[in-house]
>>> print(open('work04.txt').read())   # compact mmCIF, C-alpha atoms (C1' of nucleotides)
# COMPACT_ATOMS: atom_id res chain seq x y z
CA MET V 1334 29.19 -16.27 -14.30
CA GLN V 1335 31.44 -15.19 -11.44
CA ASP V 1336 32.20 -12.09 -13.46
CA ILE V 1337 28.64 -10.87 -12.93
CA LEU V 1338 29.30 -10.81 -9.20
CA PHE V 1339 32.67 -9.10 -9.63
CA ASP V 1340 31.14 -6.51 -11.96
CA PHE V 1341 28.55 -5.81 -9.34
CA ILE V 1342 31.10 -5.49 -6.55
CA SER V 1343 33.33 -3.26 -8.68
CA LYS V 1344 30.60 -0.61 -8.58
CA TYR V 1345 31.42 -0.20 -4.89
CA ILE V 1346 35.02 -1.23 -4.26
CA SER V 1347 37.94 -2.53 -6.33
CA LEU V 1348 39.10 -6.06 -5.68
CA THR V 1349 42.62 -7.49 -5.94
CA GLU V 1350 43.08 -10.94 -7.47
CA ASP V 1351 43.72 -12.30 -3.97
CA GLU V 1352 40.43 -10.97 -2.78
CA LYS V 1353 38.61 -12.37 -5.77
CA ASN V 1354 40.17 -15.76 -5.13
CA ALA V 1355 39.17 -15.57 -1.47
CA LEU V 1356 35.60 -14.95 -2.57
CA VAL V 1357 35.58 -17.78 -5.09
CA SER V 1358 37.04 -20.19 -2.55
CA LEU V 1359 33.99 -19.63 -0.36
CA ASP V 1360 32.10 -21.71 -2.89
CA ILE V 1361 28.91 -19.66 -2.80
CA PHE V 1362 27.63 -20.18 -6.34
CA ARG V 1363 24.49 -22.30 -6.60
CA SER V 1364 22.27 -23.48 -9.40
CA VAL V 1365 18.64 -23.63 -8.29
CA LYS V 1366 15.70 -25.24 -10.09
CA LYS V 1367 12.40 -23.45 -10.66
CA GLY V 1368 9.98 -24.14 -7.83
CA THR V 1369 12.64 -24.71 -5.19
CA THR V 1370 11.75 -23.27 -1.79
CA LEU V 1371 14.82 -21.57 -0.33
CA LEU V 1372 13.31 -20.55 2.99
CA LYS V 1373 10.10 -21.43 4.85
CA GLU V 1374 8.09 -19.62 7.47
CA GLY V 1375 9.29 -20.49 10.95
CA GLN V 1376 12.79 -21.50 9.83
CA LYS V 1377 15.91 -19.84 11.10
CA SER V 1378 18.49 -18.94 8.50
CA LYS V 1379 21.67 -16.97 8.09
CA ASP V 1380 21.66 -17.01 4.30
CA SER V 1381 21.76 -14.00 2.02
CA TYR V 1382 21.08 -14.24 -1.69
CA PHE V 1383 22.37 -12.51 -4.78
CA VAL V 1384 20.72 -13.25 -8.12
CA LEU V 1385 23.15 -13.78 -10.98
CA LYS V 1386 20.50 -15.16 -13.31
CA GLY V 1387 16.81 -15.95 -12.87
CA CYS V 1388 14.22 -14.74 -10.39
CA ILE V 1389 13.25 -15.43 -6.79
CA ARG V 1390 10.27 -14.16 -4.84
CA THR V 1391 9.36 -13.62 -1.20
CA TYR V 1392 5.85 -14.33 0.00
CA TYR V 1393 3.78 -14.71 3.14
CA ILE V 1394 0.97 -17.17 3.63
CA ILE V 1395 -1.82 -15.27 5.39
CA ASP V 1396 -5.16 -17.00 5.98
CA GLY V 1397 -4.05 -19.70 3.56
CA GLU V 1398 -3.36 -17.19 0.81
CA GLU V 1399 0.00 -16.41 -0.74
CA LYS V 1400 0.91 -12.73 -0.51
CA THR V 1401 3.89 -11.97 -2.73
CA THR V 1402 5.83 -8.95 -1.51
CA ALA V 1403 8.95 -8.85 -3.66
CA PHE V 1404 10.75 -10.19 -6.72
CA TYR V 1405 14.52 -10.28 -7.05
CA THR V 1406 16.05 -10.57 -10.50
CA GLU V 1407 19.53 -10.25 -12.05
CA MET V 1408 21.97 -8.15 -9.99
CA GLU V 1409 19.67 -7.85 -7.00
CA ALA V 1410 20.53 -8.85 -3.45
CA LEU V 1411 18.33 -10.07 -0.63
CA THR V 1412 19.13 -10.42 3.03
CA PRO V 1413 15.95 -11.60 4.73
CA PRO V 1414 14.93 -9.67 7.86
CA CYS V 1415 15.12 -12.89 9.91
CA VAL V 1416 18.89 -13.00 9.25
CA ILE V 1417 19.26 -9.54 10.77
CA SER V 1418 16.87 -10.04 13.66
CA LYS V 1419 17.99 -13.65 14.29
CA THR V 1420 14.38 -14.76 14.67
CA PRO V 1421 12.40 -17.39 12.72
CA SER V 1422 11.40 -16.26 9.27
CA GLU V 1423 7.92 -14.87 8.79
CA TYR V 1424 7.95 -15.53 5.08
CA TYR V 1425 8.87 -17.91 2.30
CA ILE V 1426 11.43 -17.51 -0.45
CA SER V 1427 11.09 -19.51 -3.61
CA CYS V 1428 12.66 -19.69 -6.98
CA ILE V 1429 10.30 -18.92 -9.87
CA GLU V 1430 12.75 -19.61 -12.69
CA ASP V 1431 15.76 -21.88 -13.05
CA SER V 1432 18.32 -19.56 -11.45
CA ILE V 1433 21.93 -19.08 -10.56
CA LEU V 1434 22.46 -17.48 -7.17
CA THR V 1435 25.13 -16.85 -4.64
CA ILE V 1436 24.05 -18.06 -1.23
CA SER V 1437 26.23 -16.73 1.53
CA ASN V 1438 26.06 -17.35 5.24
CA SER V 1439 26.23 -14.33 7.53
CA ASP V 1440 29.06 -16.02 9.49
CA MET V 1441 31.05 -15.91 6.28
CA GLY V 1442 30.15 -12.25 6.03
CA VAL V 1443 31.55 -11.55 9.48
CA GLU V 1444 34.74 -13.43 8.64
CA ILE V 1445 35.21 -11.68 5.31
CA ASN V 1446 34.45 -8.29 6.83
CA SER V 1447 37.11 -8.70 9.50
CA LYS V 1448 39.66 -10.02 7.00
CA PHE V 1449 38.95 -7.33 4.37
CA PRO V 1450 37.72 -4.04 5.87
CA LYS V 1451 36.83 -3.00 2.33
CA PHE V 1452 33.87 -5.32 2.52
CA GLU V 1453 32.56 -3.61 5.60
CA ILE V 1454 32.49 -0.37 3.61
CA MET V 1455 30.80 -2.00 0.65
CA CYS V 1456 28.16 -3.53 2.88
CA ARG V 1457 27.45 -0.18 4.48
CA ILE V 1458 27.15 1.61 1.16
CA LEU V 1459 25.06 -1.19 -0.30
CA SER V 1460 22.71 -1.20 2.70
CA GLU V 1461 22.35 2.56 2.56
CA GLU V 1462 21.57 2.43 -1.14
CA LEU V 1463 19.06 -0.36 -0.76
CA LEU V 1464 17.45 1.47 2.14
CA ALA V 1465 17.13 4.65 0.07
CA LYS V 1466 15.77 2.69 -2.91
CA GLN V 1467 13.29 0.84 -0.75
CA GLN V 1468 12.12 4.08 0.87
CA ILE V 1469 11.36 5.46 -2.57
CA ASP V 1470 9.57 2.27 -3.64
CA PHE V 1471 7.53 2.33 -0.45
CA ASP V 1472 6.64 5.98 -0.92
CA GLU V 1473 5.60 5.32 -4.49
CA PHE V 1474 3.43 2.43 -3.38
CA LYS V 1475 1.76 4.50 -0.67
CA THR V 1476 1.04 7.43 -2.92
CA SER V 1477 -0.35 5.46 -5.87
CA SER V 1478 -3.55 3.63 -6.77
CA PRO V 1479 -3.30 -0.01 -7.91
CA GLU V 1480 -3.75 1.16 -11.50
CA GLN V 1481 -0.91 3.68 -11.20
CA ARG V 1482 1.23 1.05 -9.53
CA TYR V 1483 0.66 -1.30 -12.45
CA LEU V 1484 1.51 1.42 -14.96
CA ASN V 1485 4.63 2.33 -12.98
CA LEU V 1486 5.73 -1.30 -12.96
CA LEU V 1487 5.15 -1.45 -16.70
CA GLN V 1488 7.65 1.42 -16.99
CA SER V 1489 10.20 0.44 -14.39
CA ARG V 1490 10.33 -3.37 -14.64
CA PRO V 1491 8.51 -4.43 -17.82
CA ASP V 1492 10.30 -7.78 -17.76
CA LEU V 1493 8.52 -8.75 -14.53
CA ILE V 1494 5.12 -8.56 -16.17
CA GLN V 1495 6.30 -11.06 -18.75
CA ARG V 1496 8.15 -13.52 -16.57
CA VAL V 1497 5.95 -13.62 -13.47
CA PRO V 1498 2.50 -15.30 -13.11
CA GLN V 1499 -0.38 -12.81 -12.95
CA HIS V 1500 -1.68 -13.89 -9.56
CA GLN V 1501 1.75 -13.29 -8.02
CA LEU V 1502 1.95 -9.90 -9.71
CA ALA V 1503 -1.48 -9.04 -8.38
CA SER V 1504 -0.61 -9.60 -4.75
CA TYR V 1505 2.67 -7.75 -5.35
CA LEU V 1506 0.51 -4.81 -6.44
CA GLY V 1507 -1.64 -5.23 -3.35
CA ILE V 1508 -4.77 -6.51 -5.13
CA LYS V 1509 -6.55 -9.75 -6.13
CA PRO V 1510 -5.89 -11.49 -9.46
CA GLN V 1511 -9.43 -10.69 -10.63
CA SER V 1512 -8.86 -7.01 -9.96
CA LEU V 1513 -5.63 -7.09 -11.96
CA SER V 1514 -7.44 -8.67 -14.91
CA ARG V 1515 -10.15 -6.04 -14.73
CA LEU V 1516 -7.64 -3.23 -14.32
CA ARG V 1517 -5.75 -4.37 -17.40
CA ALA V 1518 -8.96 -4.56 -19.40
CA ARG V 1519 -9.79 -1.03 -18.22
CA ILE V 1520 -6.42 0.27 -19.38
CA LEU V 1521 -6.82 -1.32 -22.83
CA GLU V 1522 -10.32 0.19 -23.03
CA LYS V 1523 -8.92 3.68 -22.33
CA LYS V 1524 -6.18 3.39 -24.94
CA SER V 1525 -8.60 2.66 -27.74
CA MET Z 791 20.03 15.47 26.07
CA GLN Z 792 23.29 14.25 24.57
CA ASP Z 793 22.91 11.15 26.68
CA ILE Z 794 19.94 10.07 24.57
CA LEU Z 795 22.25 9.93 21.57
CA PHE Z 796 24.95 8.08 23.48
CA ASP Z 797 22.42 5.60 24.83
CA PHE Z 798 21.30 4.97 21.27
CA ILE Z 799 24.84 4.51 20.00
CA SER Z 800 25.72 2.21 22.90
CA LYS Z 801 23.25 -0.31 21.52
CA TYR Z 802 25.67 -0.81 18.63
CA ILE Z 803 29.19 0.07 19.76
CA SER Z 804 30.87 1.28 22.94
CA LEU Z 805 32.36 4.74 22.93
CA THR Z 806 35.40 6.03 24.79
CA GLU Z 807 35.25 9.47 26.40
CA ASP Z 808 37.50 10.74 23.60
CA GLU Z 809 35.07 9.54 21.00
CA LYS Z 810 32.15 11.07 22.85
CA ASN Z 811 33.96 14.38 23.01
CA ALA Z 812 34.75 14.20 19.30
CA LEU Z 813 31.05 13.73 18.62
CA VAL Z 814 30.00 16.59 20.87
CA SER Z 815 32.57 18.91 19.33
CA LEU Z 816 30.87 18.45 15.98
CA ASP Z 817 28.10 20.64 17.35
CA ILE Z 818 25.22 18.72 15.77
CA PHE Z 819 22.47 19.33 18.33
CA ARG Z 820 19.68 21.59 17.13
CA SER Z 821 16.45 22.90 18.59
CA VAL Z 822 13.77 23.18 15.92
CA LYS Z 823 10.39 24.93 16.17
CA LYS Z 824 7.14 23.28 15.15
CA GLY Z 825 6.33 24.03 11.54
CA THR Z 826 9.92 24.47 10.42
CA THR Z 827 10.64 23.03 6.98
CA LEU Z 828 13.96 21.19 7.10
CA LEU Z 829 14.11 20.18 3.44
CA LYS Z 830 12.16 21.18 0.33
CA GLU Z 831 11.50 19.42 -2.95
CA GLY Z 832 14.23 20.21 -5.47
CA GLN Z 833 16.84 21.08 -2.86
CA LYS Z 834 20.13 19.28 -2.56
CA SER Z 835 21.17 18.32 0.93
CA LYS Z 836 23.72 16.22 2.76
CA ASP Z 837 21.98 16.30 6.10
CA SER Z 838 20.88 13.31 8.14
CA TYR Z 839 18.58 13.65 11.13
CA PHE Z 840 18.22 11.89 14.43
CA VAL Z 841 15.27 12.72 16.65
CA LEU Z 842 16.12 13.20 20.31
CA LYS Z 843 12.75 14.70 21.16
CA GLY Z 844 9.71 15.63 19.09
CA CYS Z 845 8.52 14.50 15.68
CA ILE Z 846 9.34 15.18 12.05
CA ARG Z 847 7.56 14.00 8.93
CA THR Z 848 8.40 13.46 5.28
CA TYR Z 849 5.88 14.31 2.59
CA TYR Z 850 5.51 14.74 -1.14
CA ILE Z 851 3.35 17.31 -2.87
CA ILE Z 852 1.60 15.49 -5.72
CA ASP Z 853 -1.01 17.35 -7.76
CA GLY Z 854 -1.04 20.03 -5.09
CA GLU Z 855 -1.79 17.52 -2.37
CA GLU Z 856 0.44 16.62 0.56
CA LYS Z 857 1.20 12.91 0.76
CA THR Z 858 2.78 12.05 4.10
CA THR Z 859 4.95 8.94 3.88
CA ALA Z 860 6.72 8.75 7.23
CA PHE Z 861 6.96 10.06 10.77
CA TYR Z 862 10.15 9.98 12.82
CA THR Z 863 9.92 10.26 16.60
CA GLU Z 864 12.25 9.81 19.58
CA MET Z 865 15.28 7.59 18.84
CA GLU Z 866 14.62 7.35 15.12
CA ALA Z 867 17.07 8.28 12.38
CA LEU Z 868 16.46 9.57 8.88
CA THR Z 869 18.87 9.84 6.00
CA PRO Z 870 16.88 11.13 3.02
CA PRO Z 871 17.34 9.21 -0.24
CA CYS Z 872 18.61 12.39 -1.92
CA VAL Z 873 21.64 12.36 0.40
CA ILE Z 874 22.53 8.87 -0.79
CA SER Z 875 21.76 9.43 -4.47
CA LYS Z 876 23.19 12.98 -4.48
CA THR Z 877 20.22 14.24 -6.47
CA PRO Z 878 17.68 16.97 -5.64
CA SER Z 879 15.13 15.90 -3.04
CA GLU Z 880 11.76 14.67 -4.25
CA TYR Z 881 10.11 15.36 -0.94
CA TYR Z 882 9.75 17.75 1.98
CA ILE Z 883 10.73 17.27 5.58
CA SER Z 884 9.07 19.31 8.26
CA CYS Z 885 8.91 19.47 11.97
CA ILE Z 886 5.45 18.82 13.42
CA GLU Z 887 6.34 19.47 17.07
CA ASP Z 888 8.94 21.61 18.79
CA SER Z 889 11.85 19.18 18.55
CA ILE Z 890 15.44 18.54 19.42
CA LEU Z 891 17.41 16.88 16.65
CA THR Z 892 20.91 16.09 15.64
CA ILE Z 893 21.57 17.31 12.14
CA SER Z 894 24.74 15.85 10.68
CA ASN Z 895 26.32 16.46 7.31
CA SER Z 896 27.40 13.41 5.33
CA ASP Z 897 30.88 14.95 4.92
CA MET Z 898 31.16 14.80 8.69
CA GLY Z 899 30.08 11.18 8.46
CA VAL Z 900 32.89 10.39 6.05
CA GLU Z 901 35.40 12.13 8.30
CA ILE Z 902 34.22 10.39 11.44
CA ASN Z 903 34.09 7.03 9.70
CA SER Z 904 37.70 7.29 8.56
CA LYS Z 905 38.87 8.52 11.99
CA PHE Z 906 36.90 5.89 13.95
CA PRO Z 907 36.38 2.65 12.02
CA LYS Z 908 33.91 1.68 14.73
CA PHE Z 909 31.47 4.12 13.22
CA GLU Z 910 31.66 2.43 9.88
CA ILE Z 911 30.54 -0.77 11.57
CA MET Z 912 27.75 0.96 13.44
CA CYS Z 913 26.52 2.57 10.26
CA ARG Z 914 26.47 -0.78 8.46
CA ILE Z 915 24.58 -2.51 11.25
CA LEU Z 916 22.18 0.40 11.61
CA SER Z 917 21.49 0.48 7.87
CA GLU Z 918 20.94 -3.26 7.77
CA GLU Z 919 18.55 -3.07 10.70
CA LEU Z 920 16.63 -0.18 9.23
CA LEU Z 921 16.46 -1.98 5.90
CA ALA Z 922 15.07 -5.12 7.54
CA LYS Z 923 12.58 -3.08 9.58
CA GLN Z 924 11.48 -1.15 6.53
CA GLN Z 925 11.04 -4.35 4.53
CA ILE Z 926 8.71 -5.67 7.21
CA ASP Z 927 6.78 -2.39 7.36
CA PHE Z 928 6.44 -2.40 3.58
CA ASP Z 929 5.28 -6.02 3.56
CA GLU Z 930 2.74 -5.26 6.26
CA PHE Z 931 1.45 -2.31 4.30
CA LYS Z 932 1.13 -4.34 1.10
CA THR Z 933 -0.68 -7.22 2.73
CA SER Z 934 -3.18 -5.15 4.74
CA SER Z 935 -6.34 -3.18 4.07
CA PRO Z 936 -6.47 0.45 5.24
CA GLU Z 937 -8.59 -0.65 8.20
CA GLN Z 938 -6.06 -3.29 9.22
CA ARG Z 939 -3.25 -0.77 8.77
CA TYR Z 940 -5.00 1.64 11.12
CA LEU Z 941 -5.53 -1.09 13.72
CA ASN Z 942 -1.89 -2.14 13.39
CA LEU Z 943 -0.75 1.42 13.91
CA LEU Z 944 -2.97 1.65 16.97
CA GLN Z 945 -1.03 -1.31 18.36
CA SER Z 946 2.48 -0.47 17.24
CA ARG Z 947 2.64 3.32 17.53
CA PRO Z 948 -0.40 4.48 19.53
CA ASP Z 949 1.35 7.78 20.34
CA LEU Z 950 1.32 8.78 16.66
CA ILE Z 951 -2.48 8.75 16.54
CA GLN Z 952 -2.51 11.24 19.39
CA ARG Z 953 0.24 13.58 18.33
CA VAL Z 954 -0.27 13.73 14.56
CA PRO Z 955 -3.08 15.55 12.66
CA GLN Z 956 -5.67 13.16 11.18
CA HIS Z 957 -5.21 14.25 7.57
CA GLN Z 958 -1.47 13.50 7.80
CA LEU Z 959 -2.23 10.13 9.36
CA ALA Z 960 -4.70 9.40 6.58
CA SER Z 961 -2.23 9.88 3.78
CA TYR Z 962 0.32 7.90 5.80
CA LEU Z 963 -2.22 5.04 5.73
CA GLY Z 964 -2.70 5.54 2.00
CA ILE Z 965 -6.23 6.97 2.15
CA LYS Z 966 -8.11 10.30 2.25
CA PRO Z 967 -8.97 12.06 5.54
CA GLN Z 968 -12.69 11.44 4.94
CA SER Z 969 -12.05 7.74 4.59
CA LEU Z 970 -10.11 7.69 7.84
CA SER Z 971 -12.99 9.39 9.66
CA ARG Z 972 -15.43 6.89 8.21
CA LEU Z 973 -13.15 3.96 8.98
CA ARG Z 974 -12.82 5.05 12.60
CA ALA Z 975 -16.59 5.40 12.91
CA ARG Z 976 -16.95 1.90 11.42
CA ILE Z 977 -14.55 0.46 14.01
CA LEU Z 978 -16.40 2.11 16.89
CA GLU Z 979 -19.64 0.75 15.44
CA LYS Z 980 -18.24 -2.80 15.43
CA LYS Z 981 -16.99 -2.60 19.01
CA SER Z 982 -20.40 -1.74 20.41
C1' DC D 1329 -12.44 39.42 21.39
C1' DG D 1330 -14.04 38.10 17.15
C1' DT D 1331 -12.72 36.68 12.57
C1' DA D 1332 -10.26 33.71 9.58
C1' DT D 1333 -8.27 29.40 8.86
C1' DT D 1334 -7.46 24.82 9.57
C1' DT D 1335 -9.07 20.44 11.01
C1' DC D 1336 -12.35 16.92 11.54
C1' DT D 1337 -16.67 14.83 10.66
C1' DT D 1338 -20.85 13.61 8.12
C1' DA D 1339 -23.59 12.74 4.03
C1' DA D 1340 -24.82 11.51 -0.82
C1' DC D 1341 -23.04 9.84 -4.82
C1' DT D 1342 -19.36 7.66 -7.89
C1' DT D 1343 -15.78 4.55 -8.74
C1' DA D 1344 -12.93 0.71 -7.96
C1' DA D 1345 -11.57 -3.28 -5.40
C1' DG D 1346 -13.23 -7.68 -2.91
C1' DT D 1347 -16.00 -11.94 -3.32
C1' DG D 1348 -17.89 -16.07 -5.18
C1' DA D 1349 -18.77 -18.54 -9.12
C1' DA D 1350 -18.20 -20.11 -13.72
C1' DC D 1351 -15.59 -20.98 -17.94
C1' DG D 1352 -11.94 -22.06 -21.27
C1' DA D 1353 -6.96 -22.82 -22.14
C1' DG D 1354 -2.97 -24.86 -20.91
C1' DT D 1355 -0.32 -28.10 -17.98
C1' DT D 1356 0.54 -32.22 -15.25
C1' DA D 1357 -0.27 -36.68 -13.73
C1' DT D 1358 -1.98 -41.21 -14.11
C1' DA T 394 -5.85 -40.15 -23.72
C1' DT T 395 -8.32 -38.53 -20.11
C1' DA T 396 -8.87 -36.74 -15.72
C1' DA T 397 -7.32 -33.31 -12.41
C1' DC T 398 -5.33 -29.00 -11.65
C1' DT T 399 -3.62 -24.44 -12.35
C1' DC T 400 -4.16 -20.12 -14.36
C1' DG T 401 -6.22 -16.23 -16.29
C1' DT T 402 -10.47 -14.03 -17.45
C1' DT T 403 -15.26 -12.58 -17.05
C1' DC T 404 -19.63 -11.66 -14.61
C1' DA T 405 -22.85 -10.23 -10.98
C1' DC T 406 -22.97 -8.59 -6.60
C1' DT T 407 -21.03 -6.52 -2.21
C1' DT T 408 -18.10 -3.53 0.21
C1' DA T 409 -15.06 0.16 0.86
C1' DA T 410 -12.55 4.07 -0.74
C1' DG T 411 -12.69 8.52 -3.71
C1' DT T 412 -15.18 12.83 -4.57
C1' DT T 413 -17.76 16.82 -3.72
C1' DA T 414 -19.97 19.53 -0.59
C1' DA T 415 -21.42 21.26 3.80
C1' DG T 416 -21.08 22.24 8.48
C1' DA T 417 -19.13 21.88 13.32
C1' DA T 418 -15.08 22.28 16.27
C1' DA T 419 -10.62 23.74 17.28
C1' DT T 420 -6.79 26.85 16.49
C1' DA T 421 -4.40 30.88 14.97
C1' DC T 422 -4.19 35.63 14.52
C1' DG T 423 -5.01 40.50 14.04
>>> encode(input="work04.txt", output="structure tokens")
Amino acid sequence: MQDILFDFISKYISLTEDEKNALVSLDIFRSVKKGTTLLKEGQKSKDSYFVLKGCIRTYYIIDGEEKTTAFYTEMEALTPPCVISKTPSEYYISCIEDSILTISNSDMGVEINSKFPKFEIMCRILSEELLAKQQIDFDEFKTSSPEQRYLNLLQSRPDLIQRVPQHQLASYLGIKPQSLSRLRARILEKKS
Amino acid sequence: MQDILFDFISKYISLTEDEKNALVSLDIFRSVKKGTTLLKEGQKSKDSYFVLKGCIRTYYIIDGEEKTTAFYTEMEALTPPCVISKTPSEYYISCIEDSILTISNSDMGVEINSKFPKFEIMCRILSEELLAKQQIDFDEFKTSSPEQRYLNLLQSRPDLIQRVPQHQLASYLGIKPQSLSRLRARILEKKS
DNA sequence: CGTATTTCTTAACTTAAGTGAACGAGTTAT
DNA sequence: ATAACTCGTTCACTTAAGTTAAGAAATACG
């Protein structure tokens, strides 16, 4: 399981055995049960997550309604904004499948970065890549209708549509569950 | 004018006179006329931008229609995704006011980063911050109606509504210009 | 200066998403 | 086993955005 993390890291920098051991000794691997809430609104946290297996989601509760804004699956990393801004979290993170994650404290990050400057470089590259990716996702969202967004998702992350409850998918697409049902019916109608 | 850049940088790291001089000697300050296109769809580019004065926008042309996805004003930085992914650009960047920018090549970035490790750290922090900020913006967009998005913009960046043409604002909000007009009329109606 | 062009607004009509309610299927709890 | 709950779907109705078209206002330009 650790190898998944090392494979991921090796896309950015190469690690010596010493460095790998240093990472393992941090004891950051966690098994998390479906339904576990990792972070709540109002909490302060310094934890970043990396999904080795499973799926976690971020969501807000606005006017009593859950608004899901992101899903993170295998090989995806999440550092919540509240960790960067050092303010209480505005959203929730929960685990929607039995998952294996790394959970790493930002203090550990600082320590690792000063001990191994390589990590600083990886973090920069990773942040830049995620920023670029997120910009493109955001642009795609802005320039598409809900129906197009659903069809895009069907192309780009077909697994999500299978493994995630419809009502969470709906708010991820920016619509209500009823509208998603209707939209899907409409698409089937067109195909025939 | 250079001081604006140094003020910005000083929020992240402190610079020696030597380092400041090294930056200035890169000759990255540019005066750009309103209407200038800085990047076109299909072009490859390694240039990042930082706005000292004025305003630039990014937009796609989809089915012959301009879709504006972002505005960058004073003290905001833009590294287009195509610079990170090293692929041809999918969008346009143009200057919507007479502006003063820094335009820096990513090769220069690599050189500076290796000469001054400080810069590597600044770039990481800056990327992380931008990523966190963008996540929040994206979440806000997803969880709001066009009307709420307009009202939010009125709060958070009132200057934009003054300095940017309505039809560009509209597509930035994810709607058509006619809908923005109507929406504004509706808001005025409610107030009275 | 006047003409062309762009920009913004308004209106009538169409289309799609929001809302509230109901229903059946599947799950959980007691 | 049954009651309670969650989840997805469907329906009728409301609301808002898309579309097409027209015209007014501002701007650019010869």
>>> residues_around(input="work04.txt", residues="V:Leu1506", least_positions_apart="2", cutoff="8 Å", atoms="all atoms listed in the file", output="short mmCIF file (atom, residue, chain, number, x, y, z; two decimals) with C-alpha atoms, in the frame of the given file")
data_model
loop_
_atom_site.label_atom_id
_atom_site.label_comp_id
_atom_site.auth_asym_id
_atom_site.auth_seq_id
_atom_site.Cartn_x
_atom_site.Cartn_y
_atom_site.Cartn_z
CA PRO V 1479 -3.30 -0.01 -7.91
CA ARG V 1482 1.23 1.05 -9.53
CA TYR V 1483 0.66 -1.30 -12.45
CA LEU V 1502 1.95 -9.90 -9.71
CA ALA V 1503 -1.48 -9.04 -8.38
CA SER V 1504 -0.61 -9.60 -4.75
CA ILE V 1508 -4.77 -6.51 -5.13
CA LYS Z 932 1.13 -4.34 1.10
#
>>> interface_residues(input="work04.txt", of="chain T", to="chain V", cutoff="9 Å", atoms="all atoms listed in the file", output="list in words")
DC400, DG401, DT402 and DT403 of chain T
>>> atom_distance(input="work04.txt", atom1="atom CA of V:Thr1412", atom2="atom CA of Z:Ala922")
8.1 Å
>>> residues_near_point(input="work04.txt", point="(17.6, -22.7, 4.1)", cutoff="12 Å", atoms="all atoms listed in the file", output="short mmCIF file (atom, residue, chain, number, x, y, z; two decimals) with C-alpha atoms, in the frame of the given file")
data_model
loop_
_atom_site.label_atom_id
_atom_site.label_comp_id
_atom_site.auth_asym_id
_atom_site.auth_seq_id
_atom_site.Cartn_x
_atom_site.Cartn_y
_atom_site.Cartn_z
CA THR V 1369 12.64 -24.71 -5.19
CA THR V 1370 11.75 -23.27 -1.79
CA LEU V 1371 14.82 -21.57 -0.33
CA LEU V 1372 13.31 -20.55 2.99
CA LYS V 1373 10.10 -21.43 4.85
CA GLU V 1374 8.09 -19.62 7.47
CA GLY V 1375 9.29 -20.49 10.95
CA GLN V 1376 12.79 -21.50 9.83
CA LYS V 1377 15.91 -19.84 11.10
CA SER V 1378 18.49 -18.94 8.50
CA LYS V 1379 21.67 -16.97 8.09
CA ASP V 1380 21.66 -17.01 4.30
CA SER V 1381 21.76 -14.00 2.02
CA TYR V 1382 21.08 -14.24 -1.69
CA PRO V 1413 15.95 -11.60 4.73
CA CYS V 1415 15.12 -12.89 9.91
CA VAL V 1416 18.89 -13.00 9.25
CA PRO V 1421 12.40 -17.39 12.72
CA SER V 1422 11.40 -16.26 9.27
CA TYR V 1425 8.87 -17.91 2.30
CA ILE V 1426 11.43 -17.51 -0.45
CA SER V 1427 11.09 -19.51 -3.61
CA ILE V 1436 24.05 -18.06 -1.23
CA SER V 1437 26.23 -16.73 1.53
CA ASN V 1438 26.06 -17.35 5.24
#
>>> atom_distance(input="work04.txt", atom1="atom CA of V:Gly1397", atom2="atom CA of V:Lys1367")
22.1 Å
>>> residues_near_point(input="work04.txt", point="(-0.3, 10.4, 0.6)", cutoff="9 Å", atoms="only C-alpha atoms (C1' of nucleotides)", output="PDB file with C-alpha atoms, in the coordinates of the input")
ATOM      1  CA  ASP V1472       6.640   5.980  -0.920  1.00  0.00           C
ATOM      2  CA  LYS V1475       1.760   4.500  -0.670  1.00  0.00           C
ATOM      3  CA  THR V1476       1.040   7.430  -2.920  1.00  0.00           C
ATOM      4  CA  SER V1477      -0.350   5.460  -5.870  1.00  0.00           C
TER       5      SER V1477
ATOM      6  CA  TYR Z 849       5.880  14.310   2.590  1.00  0.00           C
ATOM      7  CA  TYR Z 850       5.510  14.740  -1.140  1.00  0.00           C
ATOM      8  CA  ILE Z 851       3.350  17.310  -2.870  1.00  0.00           C
ATOM      9  CA  ILE Z 852       1.600  15.490  -5.720  1.00  0.00           C
ATOM     10  CA  GLU Z 855      -1.790  17.520  -2.370  1.00  0.00           C
ATOM     11  CA  GLU Z 856       0.440  16.620   0.560  1.00  0.00           C
ATOM     12  CA  LYS Z 857       1.200  12.910   0.760  1.00  0.00           C
ATOM     13  CA  THR Z 858       2.780  12.050   4.100  1.00  0.00           C
ATOM     14  CA  THR Z 859       4.950   8.940   3.880  1.00  0.00           C
ATOM     15  CA  GLN Z 958      -1.470  13.500   7.800  1.00  0.00           C
ATOM     16  CA  LEU Z 959      -2.230  10.130   9.360  1.00  0.00           C
ATOM     17  CA  ALA Z 960      -4.700   9.400   6.580  1.00  0.00           C
ATOM     18  CA  SER Z 961      -2.230   9.880   3.780  1.00  0.00           C
ATOM     19  CA  TYR Z 962       0.320   7.900   5.800  1.00  0.00           C
ATOM     20  CA  LEU Z 963      -2.220   5.040   5.730  1.00  0.00           C
ATOM     21  CA  GLY Z 964      -2.700   5.540   2.000  1.00  0.00           C
ATOM     22  CA  ILE Z 965      -6.230   6.970   2.150  1.00  0.00           C
ATOM     23  CA  LYS Z 966      -8.110  10.300   2.250  1.00  0.00           C
TER      24      LYS Z 966
END
>>> residues_around(input="work04.txt", residues="T:DC422", least_positions_apart="4", cutoff="12 Å", atoms="all atoms listed in the file", output="list in words")
DC1329, DG1330, DT1331, DA1332 and DT1333 of chain D
>>> interface_residues(input="work04.txt", of="chain D", to="chain Z", cutoff="8 Å", atoms="all atoms listed in the file", output="number ranges by chain")
D: 1335-1337
